[in-house]
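Colleague: For reference, this is data-v7.pdb, and it has PDB, C-alpha atoms.
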```
MODEL        1
ATOM      1  CA  MET A   1      44.932  -2.527-235.694  1.00  0.00           C
ATOM      2  CA  LEU A   2      43.371  -3.960-238.849  1.00  0.00           C
ATOM      3  CA  ASN A   3      42.755  -1.671-241.758  1.00  0.00           C
ATOM      4  CA  GLU A   4      39.040  -1.907-242.347  1.00  0.00           C
ATOM      5  CA  PRO A   5      37.888  -0.937-245.816  1.00  0.00           C
ATOM      6  CA  THR A   6      36.361   2.482-246.083  1.00  0.00           C
ATOM      7  CA  HIS A   7      32.869   2.966-247.436  1.00  0.00           C
ATOM      8  CA  ASP A   8      34.338   4.167-250.749  1.00  0.00           C
ATOM      9  CA  GLN A   9      36.570   1.094-251.017  1.00  0.00           C
ATOM     10  CA  SER A  10      33.741  -1.318-250.254  1.00  0.00           C
ATOM     11  CA  ILE A  11      31.459   0.335-252.822  1.00  0.00           C
ATOM     12  CA  ALA A  12      34.250   0.278-255.412  1.00  0.00           C
ATOM     13  CA  SER A  13      34.789  -3.385-254.635  1.00  0.00           C
ATOM     14  CA  ALA A  14      31.058  -4.091-254.966  1.00  0.00           C
ATOM     15  CA  VAL A  15      30.907  -2.299-258.330  1.00  0.00           C
ATOM     16  CA  GLU A  16      33.961  -4.220-259.523  1.00  0.00           C
ATOM     17  CA  THR A  17      32.414  -7.529-258.450  1.00  0.00           C
ATOM     18  CA  VAL A  18      29.108  -6.707-260.145  1.00  0.00           C
ATOM     19  CA  TYR A  19      30.999  -5.683-263.280  1.00  0.00           C
ATOM     20  CA  ARG A  20      32.874  -8.996-263.373  1.00  0.00           C
ATOM     21  CA  THR A  21      29.821 -11.132-262.688  1.00  0.00           C
ATOM     22  CA  GLU A  22      26.993  -9.273-264.406  1.00  0.00           C
ATOM     23  CA  SER A  23      28.317  -6.966-267.142  1.00  0.00           C
ATOM     24  CA  ARG A  24      27.925  -9.537-269.950  1.00  0.00           C
ATOM     25  CA  ARG A  25      24.328 -10.221-268.990  1.00  0.00           C
ATOM     26  CA  VAL A  26      23.576  -6.528-268.623  1.00  0.00           C
ATOM     27  CA  LEU A  27      25.124  -5.856-272.040  1.00  0.00           C
ATOM     28  CA  ALA A  28      23.147  -8.695-273.658  1.00  0.00           C
ATOM     29  CA  THR A  29      19.917  -7.335-272.189  1.00  0.00           C
ATOM     30  CA  LEU A  30      20.711  -3.802-273.336  1.00  0.00           C
ATOM     31  CA  ILE A  31      21.501  -5.041-276.848  1.00  0.00           C
ATOM     32  CA  ARG A  32      18.160  -6.842-276.936  1.00  0.00           C
ATOM     33  CA  LEU A  33      16.275  -3.785-275.605  1.00  0.00           C
ATOM     34  CA  LEU A  34      18.048  -1.173-277.722  1.00  0.00           C
ATOM     35  CA  GLY A  35      18.775  -3.158-280.875  1.00  0.00           C
ATOM     36  CA  ASP A  36      22.157  -1.487-281.268  1.00  0.00           C
ATOM     37  CA  PHE A  37      25.430  -2.977-280.015  1.00  0.00           C
ATOM     38  CA  ASP A  38      27.376   0.305-279.891  1.00  0.00           C
ATOM     39  CA  LEU A  39      24.571   2.150-278.113  1.00  0.00           C
ATOM     40  CA  ALA A  40      24.210  -0.745-275.642  1.00  0.00           C
ATOM     41  CA  GLU A  41      27.937  -0.730-274.922  1.00  0.00           C
ATOM     42  CA  GLU A  42      27.918   3.027-274.300  1.00  0.00           C
ATOM     43  CA  ALA A  43      24.849   2.622-272.084  1.00  0.00           C
ATOM     44  CA  LEU A  44      26.561  -0.136-270.097  1.00  0.00           C
ATOM     45  CA  HIS A  45      29.550   2.083-269.350  1.00  0.00           C
ATOM     46  CA  ASP A  46      27.297   5.039-268.532  1.00  0.00           C
ATOM     47  CA  ALA A  47      25.310   2.846-266.129  1.00  0.00           C
ATOM     48  CA  PHE A  48      28.427   1.661-264.302  1.00  0.00           C
ATOM     49  CA  ARG A  49      29.751   5.223-264.118  1.00  0.00           C
ATOM     50  CA  THR A  50      26.441   6.273-262.579  1.00  0.00           C
ATOM     51  CA  ALA A  51      26.510   3.282-260.222  1.00  0.00           C
ATOM     52  CA  VAL A  52      29.873   4.331-258.823  1.00  0.00           C
ATOM     53  CA  GLU A  53      28.481   7.763-258.004  1.00  0.00           C
ATOM     54  CA  GLN A  54      24.971   6.832-256.879  1.00  0.00           C
ATOM     55  CA  TRP A  55      25.818   3.678-254.936  1.00  0.00           C
ATOM     56  CA  GLN A  56      28.289   5.730-252.890  1.00  0.00           C
ATOM     57  CA  ARG A  57      25.363   7.862-251.783  1.00  0.00           C
ATOM     58  CA  ASP A  58      22.469   5.359-251.705  1.00  0.00           C
ATOM     59  CA  GLY A  59      24.161   2.001-251.222  1.00  0.00           C
ATOM     60  CA  VAL A  60      24.184  -1.021-253.508  1.00  0.00           C
ATOM     61  CA  PRO A  61      20.641  -1.896-254.655  1.00  0.00           C
ATOM     62  CA  ALA A  62      19.074  -5.264-253.842  1.00  0.00           C
ATOM     63  CA  ASN A  63      19.203  -6.262-257.524  1.00  0.00           C
ATOM     64  CA  PRO A  64      22.255  -4.568-259.071  1.00  0.00           C
ATOM     65  CA  ARG A  65      21.797  -6.177-262.510  1.00  0.00           C
ATOM     66  CA  ALA A  66      18.230  -4.888-262.859  1.00  0.00           C
ATOM     67  CA  TRP A  67      19.362  -1.481-261.601  1.00  0.00           C
ATOM     68  CA  LEU A  68      22.141  -1.381-264.212  1.00  0.00           C
ATOM     69  CA  VAL A  69      19.822  -2.449-267.051  1.00  0.00           C
ATOM     70  CA  SER A  70      17.336   0.235-266.067  1.00  0.00           C
ATOM     71  CA  ALA A  71      20.027   2.899-265.684  1.00  0.00           C
ATOM     72  CA  GLY A  72      21.615   1.878-268.991  1.00  0.00           C
ATOM     73  CA  ARG A  73      18.279   2.064-270.794  1.00  0.00           C
ATOM     74  CA  PHE A  74      17.611   5.549-269.408  1.00  0.00           C
ATOM     75  CA  LYS A  75      21.132   6.658-270.361  1.00  0.00           C
ATOM     76  CA  ALA A  76      20.618   5.336-273.906  1.00  0.00           C
ATOM     77  CA  VAL A  77      17.301   7.176-274.241  1.00  0.00           C
ATOM     78  CA  ASP A  78      18.998  10.377-273.042  1.00  0.00           C
ATOM     79  CA  ARG A  79      21.792   9.843-275.565  1.00  0.00           C
ATOM     80  CA  ILE A  80      19.293   9.280-278.424  1.00  0.00           C
ATOM     81  CA  ARG A  81      17.348  12.414-277.488  1.00  0.00           C
ATOM     82  CA  ARG A  82      20.549  14.462-277.246  1.00  0.00           C
ATOM     83  CA  ARG A  83      21.657  13.245-280.693  1.00  0.00           C
ATOM     84  CA  ALA A  84      18.259  14.080-282.200  1.00  0.00           C
ATOM     85  CA  ARG A  85      18.389  17.564-280.674  1.00  0.00           C
ATOM     86  CA  LEU A  86      21.938  18.139-281.959  1.00  0.00           C
ATOM     87  CA  ASP A  87      21.040  16.811-285.425  1.00  0.00           C
ATOM     88  CA  ALA A  88      18.103  19.226-285.602  1.00  0.00           C
ATOM     89  CA  GLN A  89      20.330  22.106-284.484  1.00  0.00           C
ATOM     90  CA  GLU A  90      22.960  21.202-287.084  1.00  0.00           C
ATOM     91  CA  GLU A  91      20.343  21.133-289.838  1.00  0.00           C
ATOM     92  CA  GLU A  92      18.979  24.510-288.741  1.00  0.00           C
ATOM     93  CA  ILE A  93      22.483  26.041-288.639  1.00  0.00           C
ATOM     94  CA  ALA A  94      23.324  24.618-292.060  1.00  0.00           C
ATOM     95  CA  ALA A  95      20.097  26.016-293.522  1.00  0.00           C
ATOM     96  CA  ARG A  96      20.744  29.431-291.959  1.00  0.00           C
ATOM     97  CA  LEU A  97      24.322  29.502-293.286  1.00  0.00           C
ATOM     98  CA  HIS A  98      23.080  28.468-296.699  1.00  0.00           C
ATOM     99  CA  ARG A  99      20.560  31.361-296.683  1.00  0.00           C
ATOM    100  CA  GLN A 100      23.163  33.879-295.463  1.00  0.00           C
ATOM    101  CA  THR A 101      25.992  32.859-297.781  1.00  0.00           C
ATOM    102  CA  PRO A 102      26.181  35.057-300.868  1.00  0.00           C
ATOM    103  CA  ARG A 103      25.731  33.157-304.085  1.00  0.00           C
ATOM    104  CA  MET A 104      28.965  33.010-305.989  1.00  0.00           C
ATOM    105  CA  SER A 105      29.464  32.084-309.570  1.00  0.00           C
ATOM    106  CA  PRO A 106      31.496  28.966-310.212  1.00  0.00           C
ATOM    107  CA  PRO A 107      35.108  29.788-311.091  1.00  0.00           C
ATOM    108  CA  ALA A 108      35.841  30.277-314.781  1.00  0.00           C
ATOM    109  CA  ARG A 109      37.724  27.490-316.457  1.00  0.00           C
TER     110      ARG A 109
ENDMDL
END
```
Translate the structure described by the file into structure tokens.

Modeller:
Amino acid sequence: MLNEPTHDQSIASAVETVYRTESRRVLATLIRLLGDFDLAEEALHDAFRTAVEQWQRDGVPANPRAWLVSAGRFKAVDRIRRRARLDAQEEEIAARLHRQTPRMSPPAR
């Protein structure tokens, strides 16, 4: 009996094929949209990670490249928002620590 590929194997193979054939174009589009190479690269990897999970459940979309660009853009926006939220929290914590820290005289020389 022939070993037919499982659903998981065929999806993994499809993702791998799309990565080989489309990742450079997806990255170039994300760089153009986001204006930041590092952010675009992170978004590309996030999009493929999401594709592995979501395509298992929903199947490979009709236009995988467009799907990946869209997913990557959304992931980048989420990342930017998360950074902004963390930056604001860090500033607030620093200000609170500054207010709570007793003032000390500089050490005598």

Colleague: Kindly indicate which residue among A:Gln56, A:Val18, A:Val26, A:Leu68 lies nearest to A:Thr6, using all atoms listed in the file for the distances.

Modeller: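 Ranking A:Gln56, A:Val18, A:Val26, A:Leu68 by distance to A:Thr6, first place goes to A:Gln56.
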
Colleague: Report as a PyMOL selection string the full result of the PyMOL selection byres ((chain A and resi 76-87) around 12) when it is applied to this structure.

Modeller: chain A and resi 30-31+33-47+68-75+88-94

Colleague: What separation in Å, quoted to one decimal, exists between atom CA of A:Ala12 and atom CA of A:Trp55?

Modeller: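 Atom-to-atom, atom CA of A:Ala12 and atom CA of A:Trp55 are spaced 9.1 Å apart.
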
Colleague: Please determine, counting only C-alpha atoms, which residue among A:Trp67, A:Val52, A:Ala108, A:His98 has the shortest atom-to-atom distance to A:Ala14.

Modeller: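 Under the stated criterion, the closest residue is A:Val52.
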
Colleague: Atom CA of A:Ser13 to atom CA of A:Arg32: how many Å, to one decimal?

Modeller: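 Taking atom CA of A:Ser13 as the start and atom CA of A:Arg32 as the end point, the length is 28.0 Å.
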
Colleague: Hey, what's within 12 Å of A:Ile11 if we count all atoms listed in the file and toss same-chain stuff fewer than 3 positions away? As a VMD selection string, please?

Modeller: chain A and resid 5 to 8 14 to 18 48 51 to 61

Colleague: Just to confirm, what's the straight-line distance from atom CA of A:Asn63 to atom CA of A:Ser10 in Å (one decimal)?

Modeller: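 Going from atom CA of A:Asn63 over to atom CA of A:Ser10 covers 17.0 Å.
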